[in-house]
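Student: Next comes the structure file query-v8.pdb, holding PDB, C-alpha atoms and all ligand atoms.
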```
MODEL        1
ATOM      1  CA  MET A 214     254.707 103.727  35.443
ATOM      2  CA  PRO A 215     256.533 103.764  38.818
ATOM      3  CA  LEU A 216     254.401 104.479  41.900
ATOM      4  CA  PHE A 217     255.153 105.829  45.369
ATOM      5  CA  ASP A 218     252.990 104.562  48.239
ATOM      6  CA  THR A 219     253.101 107.498  50.654
ATOM      7  CA  HIS A 220     251.185 105.804  53.493
ATOM      8  CA  CYS A 221     251.407 102.102  54.248
ATOM      9  CA  HIS A 222     251.430  99.991  57.410
ATOM     10  CA  TYR A 223     253.934  97.211  56.797
ATOM     11  CA  ASN A 224     254.371  97.591  60.567
ATOM     12  CA  LEU A 225     250.812  96.455  61.427
ATOM     13  CA  ASN A 226     249.307  93.020  61.216
ATOM     14  CA  PRO A 227     248.340  91.204  59.100
ATOM     15  CA  LEU A 228     251.113  92.766  56.971
ATOM     16  CA  ASP A 229     253.866  92.831  59.596
ATOM     17  CA  THR A 230     254.427  89.064  59.907
ATOM     18  CA  ASP A 231     255.503  88.742  56.274
ATOM     19  CA  TRP A 232     256.145  92.357  55.368
ATOM     20  CA  GLN A 233     259.126  91.445  53.181
ATOM     21  CA  GLU A 234     256.953  89.355  50.881
ATOM     22  CA  HIS A 235     254.428  92.185  50.643
ATOM     23  CA  TRP A 236     257.180  94.663  49.830
ATOM     24  CA  HIS A 237     258.651  92.371  47.152
ATOM     25  CA  LEU A 238     255.257  91.919  45.561
ATOM     26  CA  ALA A 239     254.754  95.686  45.639
ATOM     27  CA  GLN A 240     258.142  96.203  43.961
ATOM     28  CA  LYS A 241     257.208  93.667  41.281
ATOM     29  CA  ASN A 242     254.180  95.851  40.628
ATOM     30  CA  ASN A 243     256.399  98.891  40.096
ATOM     31  CA  ILE A 244     256.015 100.458  43.524
ATOM     32  CA  THR A 245     259.502 101.895  43.971
ATOM     33  CA  HIS A 246     259.108 103.676  47.330
ATOM     34  CA  SER A 247     256.933 103.512  50.390
ATOM     35  CA  ILE A 248     256.515 105.322  53.693
ATOM     36  CA  VAL A 249     255.871 103.038  56.693
ATOM     37  CA  VAL A 250     253.666 104.974  59.107
ATOM     38  CA  GLY A 251     253.612 104.605  62.902
ATOM     39  CA  THR A 252     250.609 105.068  65.208
ATOM     40  CA  ASP A 253     252.213 104.930  68.688
ATOM     41  CA  HIS A 254     255.651 104.290  70.201
ATOM     42  CA  GLU A 255     255.734 100.585  69.440
ATOM     43  CA  THR A 256     254.516 100.751  65.835
ATOM     44  CA  SER A 257     256.705 103.794  65.132
ATOM     45  CA  ALA A 258     259.780 101.955  66.417
ATOM     46  CA  ARG A 259     258.767  99.016  64.242
ATOM     47  CA  ALA A 260     258.349 101.311  61.211
ATOM     48  CA  LEU A 261     261.920 102.542  61.739
ATOM     49  CA  GLU A 262     263.150  98.976  62.063
ATOM     50  CA  ILE A 263     261.437  97.888  58.836
ATOM     51  CA  ALA A 264     262.647 100.960  56.939
ATOM     52  CA  SER A 265     266.239 100.261  58.018
ATOM     53  CA  HIS A 266     266.238  97.193  55.733
ATOM     54  CA  ASP A 267     265.765  99.049  52.438
ATOM     55  CA  ALA A 268     266.808 102.522  51.288
ATOM     56  CA  ASN A 269     263.521 102.876  49.391
ATOM     57  CA  LEU A 270     261.443 102.417  52.526
ATOM     58  CA  SER A 271     261.176 105.323  54.964
ATOM     59  CA  ALA A 272     259.509 105.618  58.355
ATOM     60  CA  SER A 273     257.157 108.166  59.858
ATOM     61  CA  VAL A 274     256.672 108.342  63.632
ATOM     62  CA  GLY A 275     253.805 109.641  65.758
ATOM     63  CA  TYR A 276     250.834 108.999  68.030
ATOM     64  CA  HIS A 277     247.503 108.456  66.258
ATOM     65  CA  PRO A 278     244.518 110.165  67.940
ATOM     66  CA  GLY A 279     242.921 106.730  68.474
ATOM     67  CA  TYR A 280     245.613 106.067  71.088
ATOM     68  CA  PHE A 281     243.591 107.925  73.745
ATOM     69  CA  GLN A 282     240.399 105.957  73.171
ATOM     70  CA  GLU A 283     242.396 102.738  73.483
ATOM     71  CA  HIS A 284     243.800 103.834  76.846
ATOM     72  CA  SER A 285     240.738 105.759  78.038
ATOM     73  CA  ASP A 286     240.508 103.944  81.395
ATOM     74  CA  GLN A 287     243.755 105.563  82.383
ATOM     75  CA  PHE A 288     242.414 109.084  81.852
ATOM     76  CA  ILE A 289     239.037 108.992  83.528
ATOM     77  CA  SER A 290     237.480 106.729  86.110
ATOM     78  CA  ASP A 291     233.960 106.934  87.586
ATOM     79  CA  GLN A 292     233.446 110.453  86.268
ATOM     80  CA  THR A 293     236.744 111.603  87.757
ATOM     81  CA  ILE A 294     239.414 113.002  85.495
ATOM     82  CA  LEU A 295     242.784 111.455  86.328
ATOM     83  CA  THR A 296     244.640 114.689  85.669
ATOM     84  CA  THR A 297     248.087 113.466  86.678
ATOM     85  CA  ASN A 298     247.791 110.471  84.334
ATOM     86  CA  CYS A 299     246.683 112.742  81.484
ATOM     87  CA  GLU A 300     249.669 115.024  81.987
ATOM     88  CA  GLN A 301     252.063 112.113  82.338
ATOM     89  CA  HIS A 302     250.849 110.517  79.101
ATOM     90  CA  LEU A 303     251.280 113.754  77.187
ATOM     91  CA  GLN A 304     254.788 114.078  78.584
ATOM     92  CA  THR A 305     255.549 110.466  77.649
ATOM     93  CA  ILE A 306     254.450 111.156  74.089
ATOM     94  CA  THR A 307     256.860 114.076  73.825
ATOM     95  CA  THR A 308     259.774 112.098  75.278
ATOM     96  CA  SER A 309     259.026 109.060  73.151
ATOM     97  CA  LEU A 310     258.812 111.107  69.954
ATOM     98  CA  GLU A 311     262.066 112.906  70.676
ATOM     99  CA  ASN A 312     263.709 109.507  71.172
ATOM    100  CA  LEU A 313     262.286 108.110  67.951
ATOM    101  CA  ILE A 314     263.488 111.170  66.035
ATOM    102  CA  THR A 315     267.100 110.346  66.859
ATOM    103  CA  ARG A 316     266.623 107.383  64.475
ATOM    104  CA  ASN A 317     265.939 109.697  61.516
ATOM    105  CA  PRO A 318     262.309 109.241  60.487
ATOM    106  CA  ILE A 319     261.265 111.062  57.320
ATOM    107  CA  ALA A 320     258.059 112.570  58.752
ATOM    108  CA  ILE A 321     255.877 112.952  61.835
ATOM    109  CA  GLY A 322     252.607 111.009  61.684
ATOM    110  CA  GLU A 323     250.134 109.806  61.665
ATOM    111  CA  ILE A 324     248.900 112.392  64.125
ATOM    112  CA  GLY A 325     245.638 114.318  64.202
ATOM    113  CA  LEU A 326     242.086 114.299  65.487
ATOM    114  CA  ASP A 327     239.538 111.509  65.204
ATOM    115  CA  PHE A 328     236.112 112.196  66.743
ATOM    116  CA  TYR A 329     234.523 109.599  64.456
ATOM    117  CA  ARG A 330     235.719 106.696  66.549
ATOM    118  CA  LEU A 331     234.994 108.276  69.942
ATOM    119  CA  ARG A 332     232.625 105.860  71.537
ATOM    120  CA  SER A 333     232.456 107.771  74.795
ATOM    121  CA  LYS A 334     229.928 110.482  75.644
ATOM    122  CA  GLY A 335     229.749 113.378  78.090
ATOM    123  CA  LEU A 336     232.698 114.102  80.317
ATOM    124  CA  LYS A 337     234.781 111.221  78.961
ATOM    125  CA  ARG A 338     234.331 112.442  75.398
ATOM    126  CA  GLY A 339     235.450 115.926  76.445
ATOM    127  CA  VAL A 340     238.561 114.563  78.149
ATOM    128  CA  LEU A 341     239.525 112.421  75.152
ATOM    129  CA  ILE A 342     239.027 115.322  72.730
ATOM    130  CA  ASN A 343     241.167 117.541  74.905
ATOM    131  CA  LEU A 344     243.930 114.922  75.031
ATOM    132  CA  GLN A 345     243.818 114.467  71.254
ATOM    133  CA  GLU A 346     244.129 118.207  70.748
ATOM    134  CA  GLU A 347     246.960 118.641  73.241
ATOM    135  CA  ALA A 348     248.880 115.679  71.790
ATOM    136  CA  LEU A 349     248.459 117.090  68.302
ATOM    137  CA  LYS A 350     249.777 120.491  69.346
ATOM    138  CA  LYS A 351     252.800 118.940  71.062
ATOM    139  CA  GLN A 352     253.599 116.754  68.068
ATOM    140  CA  LEU A 353     253.246 119.683  65.637
ATOM    141  CA  LYS A 354     255.716 121.605  67.759
ATOM    142  CA  ILE A 355     258.207 118.731  67.556
ATOM    143  CA  ALA A 356     257.722 118.492  63.771
ATOM    144  CA  HIS A 357     258.412 122.211  63.509
ATOM    145  CA  LYS A 358     261.511 121.971  65.680
ATOM    146  CA  HIS A 359     262.968 119.196  63.497
ATOM    147  CA  GLN A 360     261.632 120.631  60.222
ATOM    148  CA  LEU A 361     259.805 117.423  59.322
ATOM    149  CA  PRO A 362     256.697 117.104  57.134
ATOM    150  CA  VAL A 363     253.494 116.055  58.907
ATOM    151  CA  ILE A 364     251.035 113.269  58.055
ATOM    152  CA  LEU A 365     247.619 114.209  59.438
ATOM    153  CA  HIS A 366     244.738 111.848  60.169
ATOM    154  CA  VAL A 367     241.491 113.812  60.582
ATOM    155  CA  ARG A 368     238.088 112.177  60.720
ATOM    156  CA  ASP A 369     234.590 112.872  62.010
ATOM    157  CA  GLN A 370     231.026 111.762  61.377
ATOM    158  CA  GLU A 371     229.604 113.202  58.184
ATOM    159  CA  ASP A 372     226.389 114.434  59.792
ATOM    160  CA  ARG A 373     228.057 116.453  62.535
ATOM    161  CA  THR A 374     228.301 120.153  61.745
ATOM    162  CA  HIS A 375     229.599 121.879  64.893
ATOM    163  CA  ASP A 376     232.856 121.523  66.795
ATOM    164  CA  THR A 377     233.987 118.793  64.470
ATOM    165  CA  ALA A 378     237.455 117.315  64.162
ATOM    166  CA  TYR A 379     237.701 119.312  60.917
ATOM    167  CA  SER A 380     236.919 122.735  62.420
ATOM    168  CA  SER A 381     239.092 121.936  65.400
ATOM    169  CA  VAL A 382     242.132 120.895  63.369
ATOM    170  CA  LEU A 383     241.890 124.087  61.300
ATOM    171  CA  LYS A 384     242.028 126.168  64.479
ATOM    172  CA  ILE A 385     245.144 124.310  65.616
ATOM    173  CA  LEU A 386     246.813 124.522  62.183
ATOM    174  CA  GLU A 387     246.106 128.241  61.938
ATOM    175  CA  LYS A 388     248.166 128.799  65.069
ATOM    176  CA  GLN A 389     250.889 126.406  63.998
ATOM    177  CA  THR A 390     251.030 125.671  60.286
ATOM    178  CA  PRO A 391     253.603 122.997  59.453
ATOM    179  CA  ALA A 392     255.931 123.828  56.567
ATOM    180  CA  LYS A 393     254.554 120.747  54.801
ATOM    181  CA  PHE A 394     251.556 118.615  55.722
ATOM    182  CA  VAL A 395     249.268 116.087  54.061
ATOM    183  CA  LEU A 396     245.636 115.366  54.869
ATOM    184  CA  HIS A 397     246.062 111.615  54.688
ATOM    185  CA  CYS A 398     243.007 109.705  53.401
ATOM    186  CA  ALA A 399     241.177 113.006  53.061
ATOM    187  CA  SER A 400     237.568 113.392  54.195
ATOM    188  CA  GLY A 401     235.406 116.260  55.420
ATOM    189  CA  PRO A 402     233.488 119.250  54.106
ATOM    190  CA  ILE A 403     234.716 121.015  50.982
ATOM    191  CA  ASP A 404     235.182 124.369  52.728
ATOM    192  CA  TYR A 405     237.502 122.671  55.239
ATOM    193  CA  ILE A 406     239.534 121.100  52.426
ATOM    194  CA  GLN A 407     239.712 124.472  50.713
ATOM    195  CA  LYS A 408     240.987 126.204  53.845
ATOM    196  CA  ALA A 409     243.598 123.491  54.360
ATOM    197  CA  LEU A 410     244.691 123.863  50.727
ATOM    198  CA  GLU A 411     245.098 127.593  51.279
ATOM    199  CA  MET A 412     247.437 126.738  54.151
ATOM    200  CA  GLY A 413     249.503 124.589  51.784
ATOM    201  CA  ALA A 414     248.047 121.116  52.444
ATOM    202  CA  TYR A 415     248.809 118.151  50.231
ATOM    203  CA  ILE A 416     245.931 115.686  49.917
ATOM    204  CA  GLY A 417     246.360 111.889  50.140
ATOM    205  CA  PHE A 418     244.019 109.614  48.169
ATOM    206  CA  ASP A 419     243.472 105.923  48.878
ATOM    207  CA  GLY A 420     241.598 102.915  47.512
ATOM    208  CA  ASN A 421     238.244 104.284  48.683
ATOM    209  CA  LEU A 422     238.464 106.880  45.882
ATOM    210  CA  THR A 423     237.463 104.046  43.525
ATOM    211  CA  TYR A 424     234.208 103.197  45.360
ATOM    212  CA  GLU A 425     230.970 103.926  43.543
ATOM    213  CA  SER A 426     229.723 105.877  46.565
ATOM    214  CA  ALA A 427     232.816 108.099  46.652
ATOM    215  CA  ASP A 428     231.483 111.139  44.746
ATOM    216  CA  HIS A 429     232.516 113.396  47.608
ATOM    217  CA  LEU A 430     236.119 112.150  47.459
ATOM    218  CA  ARG A 431     236.149 112.658  43.703
ATOM    219  CA  LYS A 432     234.980 116.232  44.323
ATOM    220  CA  ILE A 433     237.908 116.700  46.737
ATOM    221  CA  PHE A 434     240.223 115.301  44.051
ATOM    222  CA  GLU A 435     238.783 117.751  41.523
ATOM    223  CA  ILE A 436     239.492 120.844  43.631
ATOM    224  CA  THR A 437     243.000 119.758  44.689
ATOM    225  CA  PRO A 438     245.809 121.380  42.672
ATOM    226  CA  LYS A 439     247.499 118.479  40.919
ATOM    227  CA  GLU A 440     250.909 119.343  42.323
ATOM    228  CA  ARG A 441     249.459 118.621  45.796
ATOM    229  CA  VAL A 442     248.040 115.131  45.160
ATOM    230  CA  LEU A 443     249.640 112.122  46.867
ATOM    231  CA  LEU A 444     248.814 108.460  46.352
ATOM    232  CA  GLU A 445     248.569 106.045  49.295
ATOM    233  CA  THR A 446     247.224 102.615  50.208
ATOM    234  CA  ASP A 447     246.803 102.855  53.988
ATOM    235  CA  ALA A 448     247.244  99.075  53.710
ATOM    236  CA  PRO A 449     246.055  96.845  55.407
ATOM    237  CA  TYR A 450     242.971  99.132  55.326
ATOM    238  CA  LEU A 451     240.826 100.495  52.497
ATOM    239  CA  ALA A 452     241.305  97.985  49.696
ATOM    240  CA  PRO A 453     240.348  99.506  46.323
ATOM    241  CA  GLY A 454     237.277  98.616  44.220
ATOM    242  CA  LEU A 455     237.665  94.973  43.204
ATOM    243  CA  HIS A 456     239.167  93.994  46.546
ATOM    244  CA  ARG A 457     236.868  96.000  48.805
ATOM    245  CA  GLY A 458     236.235  94.214  52.109
ATOM    246  CA  ASN A 459     239.489  92.226  51.930
ATOM    247  CA  VAL A 460     242.812  93.017  53.530
ATOM    248  CA  CYS A 461     244.403  95.770  51.460
ATOM    249  CA  GLU A 462     247.817  94.613  50.262
ATOM    250  CA  PRO A 463     250.333  97.248  49.196
ATOM    251  CA  TRP A 464     250.485  96.091  45.515
ATOM    252  CA  MET A 465     246.771  96.966  45.194
ATOM    253  CA  ILE A 466     247.735 100.626  44.886
ATOM    254  CA  THR A 467     248.094  99.852  41.160
ATOM    255  CA  GLU A 468     244.295  99.651  40.916
ATOM    256  CA  THR A 469     243.820 103.039  42.585
ATOM    257  CA  ALA A 470     246.494 104.544  40.314
ATOM    258  CA  HIS A 471     244.874 103.027  37.215
ATOM    259  CA  TYR A 472     241.491 104.403  38.273
ATOM    260  CA  MET A 473     242.962 107.871  38.870
ATOM    261  CA  ARG A 474     244.508 107.927  35.419
ATOM    262  CA  GLU A 475     241.655 106.366  33.430
ATOM    263  CA  GLU A 476     238.622 107.816  35.215
ATOM    264  CA  LEU A 477     239.912 111.075  36.665
ATOM    265  CA  GLY A 478     242.583 111.993  34.096
ATOM    266  CA  ALA A 479     245.363 112.102  36.687
ATOM    267  CA  ASP A 480     248.985 112.510  35.615
ATOM    268  CA  LEU A 481     250.682 109.663  37.503
ATOM    269  CA  GLU A 482     254.162 110.932  36.675
ATOM    270  CA  GLN A 483     253.345 114.222  38.365
ATOM    271  CA  ILE A 484     251.861 112.498  41.432
ATOM    272  CA  TYR A 485     255.052 110.404  41.639
ATOM    273  CA  GLN A 486     257.177 113.566  41.562
ATOM    274  CA  ASN A 487     254.958 115.225  44.201
ATOM    275  CA  SER A 488     255.834 112.448  46.680
ATOM    276  CA  PHE A 489     259.594 113.056  46.380
ATOM    277  CA  LEU A 490     259.096 116.792  46.841
ATOM    278  CA  PHE A 491     256.815 116.357  49.838
ATOM    279  CA  PHE A 492     259.145 114.001  51.709
ATOM    280  CA  ASP A 493     262.286 115.688  50.445
ATOM    281  CA  ILE A 494     263.732 112.486  49.009
ATOM    282  CA  THR A 495     266.131 112.382  46.100
ATOM    283  CA  LYS A 496     265.560 109.648  43.574
ATOM    284  CA  ASN A 497     269.127 108.377  43.746
ATOM    285  CA  HIS A 498     267.888 105.609  45.993
ATOM    286  CA  ILE A 499     266.165 103.683  43.203
ATOM    287  CA  GLN A 500     267.960 100.388  42.886
TER
HETATM  288 ZN    ZN B   1     247.194 104.960  58.351
ENDMDL
END
```
What is this file in structure tokens?
Ligand SMILES: [Zn+2]

Tutor:
Amino acid sequence: MPLFDTHCHYNLNPLDTDWQEHWHLAQKNNITHSIVVGTDHETSARALEIASHDANLSASVGYHPGYFQEHSDQFISDQTILTTNCEQHLQTITTSLENLITRNPIAIGEIGLDFYRLRSKGLKRGVLINLQEEALKKQLKIAHKHQLPVILHVRDQEDRTHDTAYSSVLKILEKQTPAKFVLHCASGPIDYIQKALEMGAYIGFDGNLTYESADHLRKIFEITPKERVLLETDAPYLAPGLHRGNVCEPWMITETAHYMREELGADLEQIYQNSFLFFDITKNHIQ
């Protein structure tokens, strides 16, 4: 059964150094197509470069919400918000994305909100959340302008109930619903998933679906219309069951696919078709 890995980071280490070997091994395991997903300017440019080597690899470009945490010193210093820097960074993101789009990526992403990884508190936390939200809005606008599907990364702590990344992303999506979007590596409360599904969301499932503790993810799988399910590795992260804790290599998607079919009754052929529809790819590329 051929498989389509809709979210993979051949552009990040430890995969990047020998990405060709990883891609060959994936192909040997019947993975016919893969989307290489960027997280900032550099990794998006690299995704485009990698995808240029093979018609069955495509690139997605965008700024991951974690970008702001990584550069937090540039946005706030000694309890002072560096407003000009904040504005400049947001402008840079827009310019950089418009430049990357001239190289024909297949999607915008991964973009979104991640309050789970916010290590900062108080004022700094507020500033970083605001930057994440503004960057998301700008990137959604660009996706709309170029009619590109959107790969969303949304994550928060399970025990938080108010003003979460989930409630916040719904508010933003309600104002600007992309024609097509996927909740990559889905997480979050069921009512949030349901609302996103009503807006047309696709849902991406990864190796963590196979974990014994993943009842909640299996519940999300259960309520997702099967024509909206996508399969992904998120390699080098989230290795499935047997390989948990190790670097996730792209070929390992076969274990997640096997689990979906055997344990959850998934129709892998349909999931394969869903990927082509979502990314608007014709299958003529198969070599
Ligand atoms: Zn990812």

Student: Extract, using all atoms listed in the file, all DNA, RNA and protein residues at most 10 Å from A:Trp464, discarding same-chain residues fewer than 5 positions from it, and format them as an NGL selection string.

Tutor: :A and (216 or 218 or 235-244 or 446 or 448)

Student: Return as a short mmCIF file (atom, residue, chain, number, x, y, z; two decimals) with C-alpha atoms, keeping the file's coordinate frame the residues of protein, DNA or RNA that approach ligand ZN 1 (chain B) to within 10 Å, with only C-alpha atoms and all ligand atoms taken into account.

Tutor:
```cif
data_model
loop_
_atom_site.label_atom_id
_atom_site.label_comp_id
_atom_site.auth_asym_id
_atom_site.auth_seq_id
_atom_site.Cartn_x
_atom_site.Cartn_y
_atom_site.Cartn_z
CA HIS A 220 251.18 105.80 53.49
CA CYS A 221 251.41 102.10 54.25
CA HIS A 222 251.43 99.99 57.41
CA LEU A 225 250.81 96.46 61.43
CA VAL A 249 255.87 103.04 56.69
CA VAL A 250 253.67 104.97 59.11
CA GLY A 251 253.61 104.60 62.90
CA THR A 252 250.61 105.07 65.21
CA HIS A 277 247.50 108.46 66.26
CA GLY A 322 252.61 111.01 61.68
CA GLU A 323 250.13 109.81 61.66
CA ILE A 324 248.90 112.39 64.12
CA ILE A 364 251.04 113.27 58.06
CA LEU A 365 247.62 114.21 59.44
CA HIS A 366 244.74 111.85 60.17
CA HIS A 397 246.06 111.62 54.69
CA CYS A 398 243.01 109.70 53.40
CA GLU A 445 248.57 106.04 49.30
CA THR A 446 247.22 102.62 50.21
CA ASP A 447 246.80 102.86 53.99
CA ALA A 448 247.24 99.08 53.71
CA PRO A 449 246.06 96.84 55.41
CA TYR A 450 242.97 99.13 55.33
CA LEU A 451 240.83 100.50 52.50
#
```

Student: Centre and edge lengths, as JSON, for the axis-aligned box enclosing every listed atom of stretch 411-427 of chain A with 8 Å of padding on each of the six sides, in Å to one decimal?

Tutor:
```
{"center_x": 239.6, "center_y": 115.3, "center_z": 48.8, "size_x": 35.8, "size_y": 40.7, "size_z": 26.6}
```

Student: Rank nothing, just name the residue among A:Arg373, A:Lys408, A:Arg441, A:Arg457 nearest to A:Lys393, using only C-alpha atoms.

Tutor: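 Under the stated criterion, the closest residue is A:Arg441.
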
Student: Please determine, counting only C-alpha atoms, which residue among A:Ile355, A:Ile294, A:Ala378, A:Leu481 has the shortest atom-to-atom distance to A:Pro391.

Tutor: A:Ile355

Student: Just to confirm, what's the straight-line distance from atom CA of A:Val395 to atom CA of A:Phe217 in Å (one decimal)?

Tutor: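 Here the two named atoms are 14.7 Å from each other.
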
Student: Leaving out A:Asp369 and any residue of its chain fewer than 3 positions from it, which residues lie within 10 Å of it when counting all atoms listed in the file, given as a PyMOL selection string?

Tutor: chain A and resi 326-331+372-374+377-379+400-401

Student: Give as a list in words the residues that the PyMOL selection byres (((chain A and resi 432) around 12) and not hetatm) matches when applied to the coordinates above.

Tutor: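 What the PyMOL selection byres (((chain A and resi 432) around 12) and not hetatm) grabs from the file is Ala399, Ser400, Gly401, Pro402, Ile403, Asp404, Ile406, Gln407, Phe418, Leu422, Ser426, Ala427, Asp428, His429, Leu430, Arg431, Ile433, Phe434, Glu435, Ile436, Thr437 and Leu477 of chain A.
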
Student: Leaving out stretch 306-313 of chain A and any residue of its chain fewer than 3 positions from it, which residues lie within 8 Å of it when counting only C-alpha atoms, given as a ChimeraX atom specification?

Tutor: /A:254,257-258,274-276,302-303,316-318,348,351-352,355

Student: Each residue of stretch 242-307 of chain A lying at most 12 Å from stretch 488-497 of chain A should get a row with its shortest atom-to-atom pair and the distance in Å to one decimal, counting all atoms listed in the file; could you produce that, ordered by chain and increasing number, as CSV?

Tutor:
```
residue,atom,partner,partner_atom,distance
A:Thr245,CA,A:Lys496,CA,9.8
A:His246,CA,A:Ser488,CA,9.4
A:Ser247,CA,A:Ser488,CA,9.7
A:Ile248,CA,A:Phe492,CA,9.3
A:Ala268,CA,A:Asn497,CA,9.8
A:Asn269,CA,A:Lys496,CA,9.2
A:Leu270,CA,A:Ile494,CA,10.9
A:Ser271,CA,A:Phe492,CA,9.5
A:Ala272,CA,A:Phe492,CA,10.7
A:Ser273,CA,A:Phe492,CA,10.2
```

Student: Quick one: pull the distance between atom CA of A:Thr297 and atom CA of A:Ile385, Å, one decimal.

Tutor: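 Atom-to-atom, atom CA of A:Thr297 and atom CA of A:Ile385 are spaced 23.9 Å apart.
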
Student: Once the PyMOL selection byres (((chain A and resi 471) around 12) and not hetatm) has been evaluated on this model, what residues remain selected, and can you format them as a ChimeraX atom specification?

Tutor: /A:214-216,420,422-423,444,453-454,465-470,472-481

Student: Running the PyMOL selection byres (((chain A and resi 340) around 10) and not hetatm) on this model by hand, what would come out? Give it as a VMD selection string.

Tutor: chain A and resid 281 285 288 to 289 294 to 296 299 333 to 339 341 to 346

Student: Only C-alpha atoms, please: the residues just picked out, written as an mmCIF file, keeping the file's coordinate frame.

Tutor:
```cif
data_model
loop_
_atom_site.group_PDB
_atom_site.id
_atom_site.type_symbol
_atom_site.label_atom_id
_atom_site.label_comp_id
_atom_site.auth_asym_id
_atom_site.auth_seq_id
_atom_site.Cartn_x
_atom_site.Cartn_y
_atom_site.Cartn_z
ATOM 1 C CA PHE A 281 243.591 107.925 73.745
ATOM 2 C CA SER A 285 240.738 105.759 78.038
ATOM 3 C CA PHE A 288 242.414 109.084 81.852
ATOM 4 C CA ILE A 289 239.037 108.992 83.528
ATOM 5 C CA ILE A 294 239.414 113.002 85.495
ATOM 6 C CA LEU A 295 242.784 111.455 86.328
ATOM 7 C CA THR A 296 244.640 114.689 85.669
ATOM 8 C CA CYS A 299 246.683 112.742 81.484
ATOM 9 C CA SER A 333 232.456 107.771 74.795
ATOM 10 C CA LYS A 334 229.928 110.482 75.644
ATOM 11 C CA GLY A 335 229.749 113.378 78.090
ATOM 12 C CA LEU A 336 232.698 114.102 80.317
ATOM 13 C CA LYS A 337 234.781 111.221 78.961
ATOM 14 C CA ARG A 338 234.331 112.442 75.398
ATOM 15 C CA GLY A 339 235.450 115.926 76.445
ATOM 16 C CA LEU A 341 239.525 112.421 75.152
ATOM 17 C CA ILE A 342 239.027 115.322 72.730
ATOM 18 C CA ASN A 343 241.167 117.541 74.905
ATOM 19 C CA LEU A 344 243.930 114.922 75.031
ATOM 20 C CA GLN A 345 243.818 114.467 71.254
ATOM 21 C CA GLU A 346 244.129 118.207 70.748
#
```

Student: So how far away is atom CA of A:Asp419 from atom CA of A:Asn459, in Å?

Tutor: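 Going from atom CA of A:Asn459 over to atom CA of A:Asp419, I get 14.6 Å.
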
Student: Determine, counting all atoms listed in the file, which protein, DNA and RNA residues have an atom within 10 Å of an atom of A:Gln389; residues of the same chain fewer than 5 positions away are not included. Present the result as JSON, numbers by chain.

Tutor: {"A": [350, 353, 354, 357, 383, 384]}

Student: Using all atoms listed in the file for the distances, tell me which of A:Arg332, A:His359, A:His284, A:Arg259 is nearest to A:Ala320.

Tutor: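 For A:Ala320, the nearest of the candidates is A:His359.
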
Student: Which is closest to A:Glu262 among A:Asn224, A:Gln360, A:Gln370, A:Ser380, if we use all atoms listed in the file?

Tutor: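 Looking at the shortest contact to A:Glu262, the residue is A:Asn224.
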